[in-house]
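Undergrad: A single structure is presented below for examination.
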Amino acid sequence: MLPLRPGSRDAWITTLDAAVIACAGAALVIILGGRTRVSIGAVRLAFRTPVNLIIFAAVGAVLRAWAARGVRLFPSLNAPGSDRLEAQRARFVSTAVRPRHFTGYAAAVALASIVWLTPHLLHPRRVPDPGDPVFSAWRLARFSHQLVTDPRHLFDGNIFYPAAATLTFSDATVPQGLAATPFLLMGADPLLVSNLLLLIAFPLNALAFFYAGWRLTGDLRPAFIAGVLGALYPFHGEHYSHLELEYTFFIPLAVIALLDAIARPTPRRGAWLGTWLAAQWLASMYLGLMLLTFAIPFGVVATLGWRPAARPLIKALLPTVAIVAVAFAALGIPYLGSDSARGGRSLALAGAFSAAPREYGHPNGRLVSYHWITREDNRLEREMFPGFAVLGTAAIGAAPPLGLVQLASLTCGALAFDWSLGTNGLTYDDLYHWLLPYRGLRVPARFSMFVGTALILLGAIGSRRIIDAAARRRLGTPVFVLLAAAAFFDLRPEMRVMDYWKDPPGIYASVTPSMVLAEFPWPDNAQDYMYFSTRHWARLLNGYSGSFPDAFIQMQARLDTFPSEEAVAAARAAGATHLTFNCTLEPRKYRCLPTIAALDENPSLERVAGGRWEGDEVRLYRFR
């Protein structure tokens, strides 16, 4: 044993344990082919061989065995005279019964989550931009249409004709589609339904993180702060145009279900864990895959710390595995079937959407409190500053003494941070090479949501520590109010929205589902044409999605000369039966009348319908 005081000795042994594990883990990464160079600001680290790391790990392990025989791993986690890990497990289990004021706090945090969304709530049909929000409206409408008319071909979209399964060219939104279906069948506007589903995600995120904060701390006040942090975390503002990426509330529910299944392993708790993992996958395949990757090491750390009996734990996890396998197969099989049409995502493409460590210091443009440091050159999906409220409370929660939740959050938060760096990090290329689903991901930086999850869990514990310290001086309530206000204003998002076309052009009244349209101007405005198609469901040569078929990309070059006879013939050769031209969507207004004149004179075309829309001419032609 080391000849030191117990507290000091335990700290040194814990540090040595962490160093040995870090060296061994880094050596394993290099052996498996991981990156051997990483830059952190101006500091560049290079590991040309795993030999030195293996030697360091071996020497540390020998030193540990000699100096700390019989001392358990990470002894600083053990409180004097008691087992801190067991105490935390017992407290976690005790929070399964809801306290008296639970509903009131839950209602308050749900309300707080939507206050800053008031501009959009007052105009629920407006959009933050006319791109992805409009695409999401089409995606929900198409899913609902297929569900009730042709469920055997559920993922067949009407874009990129003649490509099949084009709904698999973007992230799945199955729960959102199911929720939208009753309203769409009653004739509701798809854009309005999509926006409402986007807005409702904020209180759902707040409630999920509130629940997680309460289960971890046993106190409704830090749980409220966790709910505010979870609802307003900057990831949501950065991705306000992406419906599927707002649905993150399954993440904290899965973490709590995982801890429940380990603390009190039963098949029922394992089934809940599988349900939340599967639901996140169905709501967003991106986040679902990342959640599973995040949850596995989280569960390993929790299992090592709480040491449940092996047989009950295995029985509890069997339903988890079964539910996850069914859900992953239900979406994975259709997506694998369209893989050749979509094409895989290269590691170089993932590199373009890989974060750099410094980008965690860059706030996105929607964070009002940080406009004074927001950069002018927006880096799409790579402005990931968490906010000082998140960082401050998380720092307090991560300070020693540590419990299992802190240790698991720190470990998995660090892993998620490295994965968000993509090709700039140490281990993402291993995920890409060893796990097939990762070859379809384009944006590793989205792992930042899981960095945020770890920070928010630590923030709940940190808030509890701050409030408890203040309560000893009878200042618990005022300090709670100050913390809640700080979180609420620090993460304030600015949600600017704009009007979108209320009604499609009248020419679409003459369009039937049997037609194939080539719509111009091309290739811009594809989302508009897709949204207009929710009124007629004709097939489109046009399209917009996360992936584009090779045939579509090749066809674009042949259509660049529109309205030439060669471009019109190319559209016909691609399978179009009809052609539209919309002057309102033409950015070069001087081309409108000459284009219509050229189309009217083209002997291969016959005008079917015409008129004015938003003050400009619009035409529908049939190929003779």
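As shown in the structure tokens, the chain order sets the letters A, B, ...; within each chain, residues go from 1, and ligands are also counted from 1 in the order they appear.
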Show which residues sit within 9 Å of Gly361 (chain A), as a list in words. Count only C-alpha atoms, and ignore same-chain residues fewer than 6 positions away.

TA: Glu383, Met384, Phe385, Pro386 and Gly387 of chain A

Undergrad: Could you pull the residues within 9 Å of Ala416 (chain A), counting only C-alpha atoms, minus those fewer than 5 positions along the same chain, as a ChimeraX atom specification?

TA: /A:290,293-294,411,421,447-451,454

Undergrad: For CA of Asn205 (chain A) and CA of Ser113 (chain A), quote the distance in Å rounded to one decimal.

TA: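 Between CA of Asn205 (chain A) and CA of Ser113 (chain A) the gap is 8.5 Å.
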
Undergrad: So which residues touch Ile159 (chain A) within 6 Å, counting only C-alpha atoms, skipping near sequence neighbours fewer than 2 positions away, as JSON, numbers by chain?

TA: {"A": [157, 161, 540, 542, 543]}

Undergrad: Which residue is closest to Pro267 (chain A)? Choose from A:Leu318, A:Asp550, A:Pro297, A:Pro308 and count only C-alpha atoms.

TA: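 Ranked by minimum distance to Pro267 (chain A), first place goes to A:Leu318.
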
Undergrad: Would you list the contacts of Ala518 (chain A) as a list in words, taking every protein, DNA or RNA residue within 6 Å and counting only C-alpha atoms, but skipping same-chain residues closer than 5 positions in sequence?

TA: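 Counting only the stated atoms, we get Leu541, Ala576 and Leu579 of chain A.
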
Undergrad: Create the file for the chosen residues now, containing all heavy atoms and written as a PDB file, in the first residue's frame.

TA:
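Listing of result.pdb after writing:
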```pdb
ATOM      1  N   LEU A 541     -39.942  14.043 -62.042  1.00  0.00           N
ATOM      2  CA  LEU A 541     -38.515  13.868 -62.319  1.00  0.00           C
ATOM      3  C   LEU A 541     -37.690  14.623 -61.290  1.00  0.00           C
ATOM      4  O   LEU A 541     -36.573  14.227 -60.959  1.00  0.00           O
ATOM      5  CB  LEU A 541     -38.170  14.399 -63.707  1.00  0.00           C
ATOM      6  CG  LEU A 541     -38.733  13.674 -64.938  1.00  0.00           C
ATOM      7  CD1 LEU A 541     -38.114  14.269 -66.195  1.00  0.00           C
ATOM      8  CD2 LEU A 541     -38.468  12.183 -64.874  1.00  0.00           C
ATOM      9  N   ALA A 576     -40.824  11.752 -68.624  1.00  0.00           N
ATOM     10  CA  ALA A 576     -41.865  12.743 -68.334  1.00  0.00           C
ATOM     11  C   ALA A 576     -42.996  12.650 -69.348  1.00  0.00           C
ATOM     12  O   ALA A 576     -42.761  12.492 -70.547  1.00  0.00           O
ATOM     13  CB  ALA A 576     -41.270  14.140 -68.338  1.00  0.00           C
ATOM     14  N   LEU A 579     -45.002  18.632 -68.657  1.00  0.00           N
ATOM     15  CA  LEU A 579     -43.972  19.604 -68.298  1.00  0.00           C
ATOM     16  C   LEU A 579     -44.665  20.852 -67.760  1.00  0.00           C
ATOM     17  O   LEU A 579     -45.695  21.280 -68.295  1.00  0.00           O
ATOM     18  CB  LEU A 579     -43.126  19.925 -69.529  1.00  0.00           C
ATOM     19  CG  LEU A 579     -41.946  20.892 -69.396  1.00  0.00           C
ATOM     20  CD1 LEU A 579     -40.863  20.526 -70.408  1.00  0.00           C
ATOM     21  CD2 LEU A 579     -42.391  22.351 -69.619  1.00  0.00           C
TER      22      LEU A 579
END
```

Undergrad: Can you tell me, as a ChimeraX atom specification, what residues are no more than 12 Å from Leu482 (chain A) when counting only C-alpha atoms, ignoring any on the same chain fewer than 5 positions away?

TA: /A:221-222,225,389,463,466-467,470,475-477,487-490

Undergrad: Find the residues around Gly227 (chain A) up to 10 Å (only C-alpha atoms counted), leave out those fewer than 6 positions away in its own chain, and share them as a PDB file with all heavy atoms, in the first residue's frame.

TA:
```
ATOM      1  N   TYR A 105     -44.381  21.088 -11.454  1.00  0.00           N
ATOM      2  CA  TYR A 105     -43.063  21.390 -12.023  1.00  0.00           C
ATOM      3  C   TYR A 105     -42.999  20.968 -13.499  1.00  0.00           C
ATOM      4  O   TYR A 105     -42.404  21.671 -14.332  1.00  0.00           O
ATOM      5  CB  TYR A 105     -41.969  20.679 -11.234  1.00  0.00           C
ATOM      6  CG  TYR A 105     -41.496  21.430 -10.014  1.00  0.00           C
ATOM      7  CD1 TYR A 105     -42.107  21.251  -8.775  1.00  0.00           C
ATOM      8  CD2 TYR A 105     -40.427  22.311 -10.093  1.00  0.00           C
ATOM      9  CE1 TYR A 105     -41.669  21.934  -7.651  1.00  0.00           C
ATOM     10  CE2 TYR A 105     -39.985  23.002  -8.972  1.00  0.00           C
ATOM     11  CZ  TYR A 105     -40.605  22.814  -7.754  1.00  0.00           C
ATOM     12  OH  TYR A 105     -40.168  23.488  -6.642  1.00  0.00           O
ATOM     13  N   ALA A 106     -43.593  19.818 -13.805  1.00  0.00           N
ATOM     14  CA  ALA A 106     -43.582  19.340 -15.194  1.00  0.00           C
ATOM     15  C   ALA A 106     -44.321  20.318 -16.103  1.00  0.00           C
ATOM     16  O   ALA A 106     -43.850  20.641 -17.215  1.00  0.00           O
ATOM     17  CB  ALA A 106     -44.213  17.952 -15.275  1.00  0.00           C
ATOM     18  N   ALA A 108     -44.747  23.489 -15.586  1.00  0.00           N
ATOM     19  CA  ALA A 108     -43.975  24.728 -15.668  1.00  0.00           C
ATOM     20  C   ALA A 108     -42.812  24.602 -16.645  1.00  0.00           C
ATOM     21  O   ALA A 108     -42.538  25.525 -17.429  1.00  0.00           O
ATOM     22  CB  ALA A 108     -43.452  25.098 -14.279  1.00  0.00           C
ATOM     23  N   VAL A 109     -42.125  23.476 -16.629  1.00  0.00           N
ATOM     24  CA  VAL A 109     -40.981  23.326 -17.528  1.00  0.00           C
ATOM     25  C   VAL A 109     -41.451  23.177 -18.976  1.00  0.00           C
ATOM     26  O   VAL A 109     -40.794  23.664 -19.905  1.00  0.00           O
ATOM     27  CB  VAL A 109     -40.098  22.128 -17.092  1.00  0.00           C
ATOM     28  CG1 VAL A 109     -40.699  20.790 -17.505  1.00  0.00           C
ATOM     29  CG2 VAL A 109     -38.695  22.262 -17.672  1.00  0.00           C
ATOM     30  N   ALA A 110     -42.603  22.545 -19.191  1.00  0.00           N
ATOM     31  CA  ALA A 110     -43.147  22.450 -20.551  1.00  0.00           C
ATOM     32  C   ALA A 110     -43.506  23.836 -21.076  1.00  0.00           C
ATOM     33  O   ALA A 110     -43.251  24.166 -22.245  1.00  0.00           O
ATOM     34  CB  ALA A 110     -44.377  21.536 -20.563  1.00  0.00           C
ATOM     35  N   ALA A 112     -42.161  26.705 -20.058  1.00  0.00           N
ATOM     36  CA  ALA A 112     -40.917  27.451 -20.246  1.00  0.00           C
ATOM     37  C   ALA A 112     -40.252  27.105 -21.574  1.00  0.00           C
ATOM     38  O   ALA A 112     -39.593  27.941 -22.192  1.00  0.00           O
ATOM     39  CB  ALA A 112     -39.956  27.173 -19.095  1.00  0.00           C
ATOM     40  N   SER A 113     -40.437  25.867 -22.032  1.00  0.00           N
ATOM     41  CA  SER A 113     -39.757  25.415 -23.252  1.00  0.00           C
ATOM     42  C   SER A 113     -40.296  26.075 -24.516  1.00  0.00           C
ATOM     43  O   SER A 113     -39.620  26.077 -25.545  1.00  0.00           O
ATOM     44  CB  SER A 113     -39.882  23.895 -23.378  1.00  0.00           C
ATOM     45  OG  SER A 113     -41.210  23.515 -23.712  1.00  0.00           O
ATOM     46  N   PRO A 203     -41.596  20.986 -25.788  1.00  0.00           N
ATOM     47  CA  PRO A 203     -42.051  20.561 -24.456  1.00  0.00           C
ATOM     48  C   PRO A 203     -41.802  19.083 -24.183  1.00  0.00           C
ATOM     49  O   PRO A 203     -41.555  18.698 -23.028  1.00  0.00           O
ATOM     50  CB  PRO A 203     -43.550  20.886 -24.466  1.00  0.00           C
ATOM     51  CG  PRO A 203     -43.921  21.077 -25.891  1.00  0.00           C
ATOM     52  CD  PRO A 203     -42.694  21.571 -26.575  1.00  0.00           C
ATOM     53  N   LEU A 204     -41.839  18.240 -25.213  1.00  0.00           N
ATOM     54  CA  LEU A 204     -41.531  16.824 -24.987  1.00  0.00           C
ATOM     55  C   LEU A 204     -40.071  16.644 -24.584  1.00  0.00           C
ATOM     56  O   LEU A 204     -39.760  15.843 -23.688  1.00  0.00           O
ATOM     57  CB  LEU A 204     -41.842  16.017 -26.251  1.00  0.00           C
ATOM     58  CG  LEU A 204     -43.319  15.897 -26.619  1.00  0.00           C
ATOM     59  CD1 LEU A 204     -43.485  15.155 -27.945  1.00  0.00           C
ATOM     60  CD2 LEU A 204     -44.103  15.181 -25.528  1.00  0.00           C
ATOM     61  N   ASN A 205     -39.167  17.381 -25.216  1.00  0.00           N
ATOM     62  CA  ASN A 205     -37.762  17.335 -24.803  1.00  0.00           C
ATOM     63  C   ASN A 205     -37.598  17.832 -23.375  1.00  0.00           C
ATOM     64  O   ASN A 205     -36.841  17.258 -22.574  1.00  0.00           O
ATOM     65  CB  ASN A 205     -36.906  18.193 -25.739  1.00  0.00           C
ATOM     66  CG  ASN A 205     -36.755  17.579 -27.122  1.00  0.00           C
ATOM     67  OD1 ASN A 205     -36.763  16.367 -27.269  1.00  0.00           O
ATOM     68  ND2 ASN A 205     -36.619  18.413 -28.135  1.00  0.00           N
ATOM     69  N   ALA A 206     -38.307  18.913 -23.041  1.00  0.00           N
ATOM     70  CA  ALA A 206     -38.226  19.462 -21.690  1.00  0.00           C
ATOM     71  C   ALA A 206     -38.692  18.442 -20.653  1.00  0.00           C
ATOM     72  O   ALA A 206     -38.044  18.240 -19.617  1.00  0.00           O
ATOM     73  CB  ALA A 206     -39.062  20.738 -21.595  1.00  0.00           C
ATOM     74  N   LEU A 207     -39.810  17.792 -20.928  1.00  0.00           N
ATOM     75  CA  LEU A 207     -40.353  16.821 -19.965  1.00  0.00           C
ATOM     76  C   LEU A 207     -39.439  15.612 -19.811  1.00  0.00           C
ATOM     77  O   LEU A 207     -39.278  15.086 -18.708  1.00  0.00           O
ATOM     78  CB  LEU A 207     -41.749  16.386 -20.422  1.00  0.00           C
ATOM     79  CG  LEU A 207     -42.838  17.462 -20.342  1.00  0.00           C
ATOM     80  CD1 LEU A 207     -44.116  16.980 -21.013  1.00  0.00           C
ATOM     81  CD2 LEU A 207     -43.109  17.853 -18.892  1.00  0.00           C
ATOM     82  N   ALA A 208     -38.835  15.170 -20.903  1.00  0.00           N
ATOM     83  CA  ALA A 208     -37.957  14.004 -20.825  1.00  0.00           C
ATOM     84  C   ALA A 208     -36.718  14.305 -20.000  1.00  0.00           C
ATOM     85  O   ALA A 208     -36.303  13.499 -19.152  1.00  0.00           O
ATOM     86  CB  ALA A 208     -37.569  13.544 -22.232  1.00  0.00           C
ATOM     87  N   PHE A 209     -36.084  15.456 -20.228  1.00  0.00           N
ATOM     88  CA  PHE A 209     -34.893  15.797 -19.443  1.00  0.00           C
ATOM     89  C   PHE A 209     -35.267  16.154 -18.010  1.00  0.00           C
ATOM     90  O   PHE A 209     -34.475  15.918 -17.085  1.00  0.00           O
ATOM     91  CB  PHE A 209     -34.131  16.936 -20.116  1.00  0.00           C
ATOM     92  CG  PHE A 209     -33.219  16.478 -21.220  1.00  0.00           C
ATOM     93  CD1 PHE A 209     -33.592  16.584 -22.549  1.00  0.00           C
ATOM     94  CD2 PHE A 209     -31.982  15.924 -20.918  1.00  0.00           C
ATOM     95  CE1 PHE A 209     -32.749  16.152 -23.562  1.00  0.00           C
ATOM     96  CE2 PHE A 209     -31.135  15.488 -21.919  1.00  0.00           C
ATOM     97  CZ  PHE A 209     -31.518  15.591 -23.252  1.00  0.00           C
ATOM     98  N   PHE A 210     -36.445  16.728 -17.819  1.00  0.00           N
ATOM     99  CA  PHE A 210     -36.937  16.964 -16.447  1.00  0.00           C
ATOM    100  C   PHE A 210     -37.078  15.636 -15.696  1.00  0.00           C
ATOM    101  O   PHE A 210     -36.629  15.504 -14.546  1.00  0.00           O
ATOM    102  CB  PHE A 210     -38.285  17.686 -16.516  1.00  0.00           C
ATOM    103  CG  PHE A 210     -39.057  17.695 -15.230  1.00  0.00           C
ATOM    104  CD1 PHE A 210     -38.688  18.511 -14.172  1.00  0.00           C
ATOM    105  CD2 PHE A 210     -40.159  16.859 -15.067  1.00  0.00           C
ATOM    106  CE1 PHE A 210     -39.407  18.508 -12.977  1.00  0.00           C
ATOM    107  CE2 PHE A 210     -40.892  16.845 -13.886  1.00  0.00           C
ATOM    108  CZ  PHE A 210     -40.516  17.672 -12.840  1.00  0.00           C
ATOM    109  N   TYR A 211     -37.673  14.663 -16.352  1.00  0.00           N
ATOM    110  CA  TYR A 211     -37.831  13.342 -15.728  1.00  0.00           C
ATOM    111  C   TYR A 211     -36.472  12.720 -15.411  1.00  0.00           C
ATOM    112  O   TYR A 211     -36.258  12.185 -14.317  1.00  0.00           O
ATOM    113  CB  TYR A 211     -38.624  12.436 -16.666  1.00  0.00           C
ATOM    114  CG  TYR A 211     -38.768  11.010 -16.184  1.00  0.00           C
ATOM    115  CD1 TYR A 211     -39.672  10.693 -15.175  1.00  0.00           C
ATOM    116  CD2 TYR A 211     -37.999   9.987 -16.720  1.00  0.00           C
ATOM    117  CE1 TYR A 211     -39.798   9.384 -14.722  1.00  0.00           C
ATOM    118  CE2 TYR A 211     -38.117   8.687 -16.287  1.00  0.00           C
ATOM    119  CZ  TYR A 211     -39.019   8.386 -15.283  1.00  0.00           C
ATOM    120  OH  TYR A 211     -39.143   7.095 -14.829  1.00  0.00           O
ATOM    121  N   ALA A 212     -35.542  12.824 -16.364  1.00  0.00           N
ATOM    122  CA  ALA A 212     -34.208  12.264 -16.123  1.00  0.00           C
ATOM    123  C   ALA A 212     -33.522  12.979 -14.968  1.00  0.00           C
ATOM    124  O   ALA A 212     -32.888  12.336 -14.109  1.00  0.00           O
ATOM    125  CB  ALA A 212     -33.369  12.374 -17.392  1.00  0.00           C
ATOM    126  N   GLY A 213     -33.626  14.314 -14.920  1.00  0.00           N
ATOM    127  CA  GLY A 213     -33.010  15.056 -13.819  1.00  0.00           C
ATOM    128  C   GLY A 213     -33.593  14.695 -12.472  1.00  0.00           C
ATOM    129  O   GLY A 213     -32.859  14.598 -11.468  1.00  0.00           O
ATOM    130  N   TRP A 214     -34.902  14.463 -12.429  1.00  0.00           N
ATOM    131  CA  TRP A 214     -35.521  14.068 -11.156  1.00  0.00           C
ATOM    132  C   TRP A 214     -35.070  12.683 -10.731  1.00  0.00           C
ATOM    133  O   TRP A 214     -34.739  12.454  -9.564  1.00  0.00           O
ATOM    134  CB  TRP A 214     -37.047  14.110 -11.306  1.00  0.00           C
ATOM    135  CG  TRP A 214     -37.758  13.388 -10.202  1.00  0.00           C
ATOM    136  CD1 TRP A 214     -37.729  13.690  -8.866  1.00  0.00           C
ATOM    137  CD2 TRP A 214     -38.561  12.228 -10.342  1.00  0.00           C
ATOM    138  NE1 TRP A 214     -38.482  12.782  -8.158  1.00  0.00           N
ATOM    139  CE2 TRP A 214     -39.008  11.873  -9.042  1.00  0.00           C
ATOM    140  CE3 TRP A 214     -38.970  11.458 -11.421  1.00  0.00           C
ATOM    141  CZ2 TRP A 214     -39.830  10.779  -8.809  1.00  0.00           C
ATOM    142  CZ3 TRP A 214     -39.788  10.377 -11.193  1.00  0.00           C
ATOM    143  CH2 TRP A 214     -40.202  10.036  -9.908  1.00  0.00           C
ATOM    144  N   ARG A 221     -36.322  20.563  -8.182  1.00  0.00           N
ATOM    145  CA  ARG A 221     -35.743  21.849  -8.601  1.00  0.00           C
ATOM    146  C   ARG A 221     -34.588  21.663  -9.589  1.00  0.00           C
ATOM    147  O   ARG A 221     -34.607  22.282 -10.663  1.00  0.00           O
ATOM    148  CB  ARG A 221     -35.328  22.644  -7.359  1.00  0.00           C
ATOM    149  CG  ARG A 221     -36.522  23.058  -6.495  1.00  0.00           C
ATOM    150  CD  ARG A 221     -36.095  23.675  -5.180  1.00  0.00           C
ATOM    151  NE  ARG A 221     -35.349  22.713  -4.360  1.00  0.00           N
ATOM    152  CZ  ARG A 221     -34.850  22.990  -3.165  1.00  0.00           C
ATOM    153  NH1 ARG A 221     -35.013  24.205  -2.641  1.00  0.00           N
ATOM    154  NH2 ARG A 221     -34.203  22.073  -2.476  1.00  0.00           N
ATOM    155  N   TYR A 233     -31.324  23.423 -25.406  1.00  0.00           N
ATOM    156  CA  TYR A 233     -29.934  23.159 -25.748  1.00  0.00           C
ATOM    157  C   TYR A 233     -29.683  23.636 -27.181  1.00  0.00           C
ATOM    158  O   TYR A 233     -30.511  23.417 -28.084  1.00  0.00           O
ATOM    159  CB  TYR A 233     -29.624  21.670 -25.611  1.00  0.00           C
ATOM    160  CG  TYR A 233     -28.151  21.370 -25.748  1.00  0.00           C
ATOM    161  CD1 TYR A 233     -27.268  21.741 -24.741  1.00  0.00           C
ATOM    162  CD2 TYR A 233     -27.646  20.757 -26.886  1.00  0.00           C
ATOM    163  CE1 TYR A 233     -25.909  21.495 -24.861  1.00  0.00           C
ATOM    164  CE2 TYR A 233     -26.279  20.506 -27.011  1.00  0.00           C
ATOM    165  CZ  TYR A 233     -25.418  20.884 -25.994  1.00  0.00           C
ATOM    166  OH  TYR A 233     -24.065  20.656 -26.126  1.00  0.00           O
ATOM    167  N   ILE A 456     -25.887  17.825 -19.743  1.00  0.00           N
ATOM    168  CA  ILE A 456     -27.141  18.131 -19.048  1.00  0.00           C
ATOM    169  C   ILE A 456     -27.340  17.205 -17.852  1.00  0.00           C
ATOM    170  O   ILE A 456     -27.802  17.637 -16.787  1.00  0.00           O
ATOM    171  CB  ILE A 456     -28.323  18.052 -20.030  1.00  0.00           C
ATOM    172  CG1 ILE A 456     -28.206  19.157 -21.088  1.00  0.00           C
ATOM    173  CG2 ILE A 456     -29.655  18.181 -19.296  1.00  0.00           C
ATOM    174  CD1 ILE A 456     -29.120  18.977 -22.275  1.00  0.00           C
ATOM    175  N   ALA A 460     -27.684  18.530 -14.067  1.00  0.00           N
ATOM    176  CA  ALA A 460     -28.727  18.251 -13.077  1.00  0.00           C
ATOM    177  C   ALA A 460     -28.092  17.975 -11.713  1.00  0.00           C
ATOM    178  O   ALA A 460     -28.549  18.486 -10.681  1.00  0.00           O
ATOM    179  CB  ALA A 460     -29.561  17.059 -13.530  1.00  0.00           C
ATOM    180  N   ALA A 484     -32.513  28.805 -12.559  1.00  0.00           N
ATOM    181  CA  ALA A 484     -33.506  28.569 -13.609  1.00  0.00           C
ATOM    182  C   ALA A 484     -33.561  29.752 -14.567  1.00  0.00           C
ATOM    183  O   ALA A 484     -33.626  29.575 -15.797  1.00  0.00           O
ATOM    184  CB  ALA A 484     -34.874  28.312 -12.982  1.00  0.00           C
ATOM    185  N   ALA A 487     -30.460  29.785 -16.841  1.00  0.00           N
ATOM    186  CA  ALA A 487     -30.574  28.805 -17.920  1.00  0.00           C
ATOM    187  C   ALA A 487     -31.566  29.271 -18.976  1.00  0.00           C
ATOM    188  O   ALA A 487     -31.323  29.167 -20.186  1.00  0.00           O
ATOM    189  CB  ALA A 487     -30.997  27.458 -17.355  1.00  0.00           C
TER     190      ALA A 487
END
```
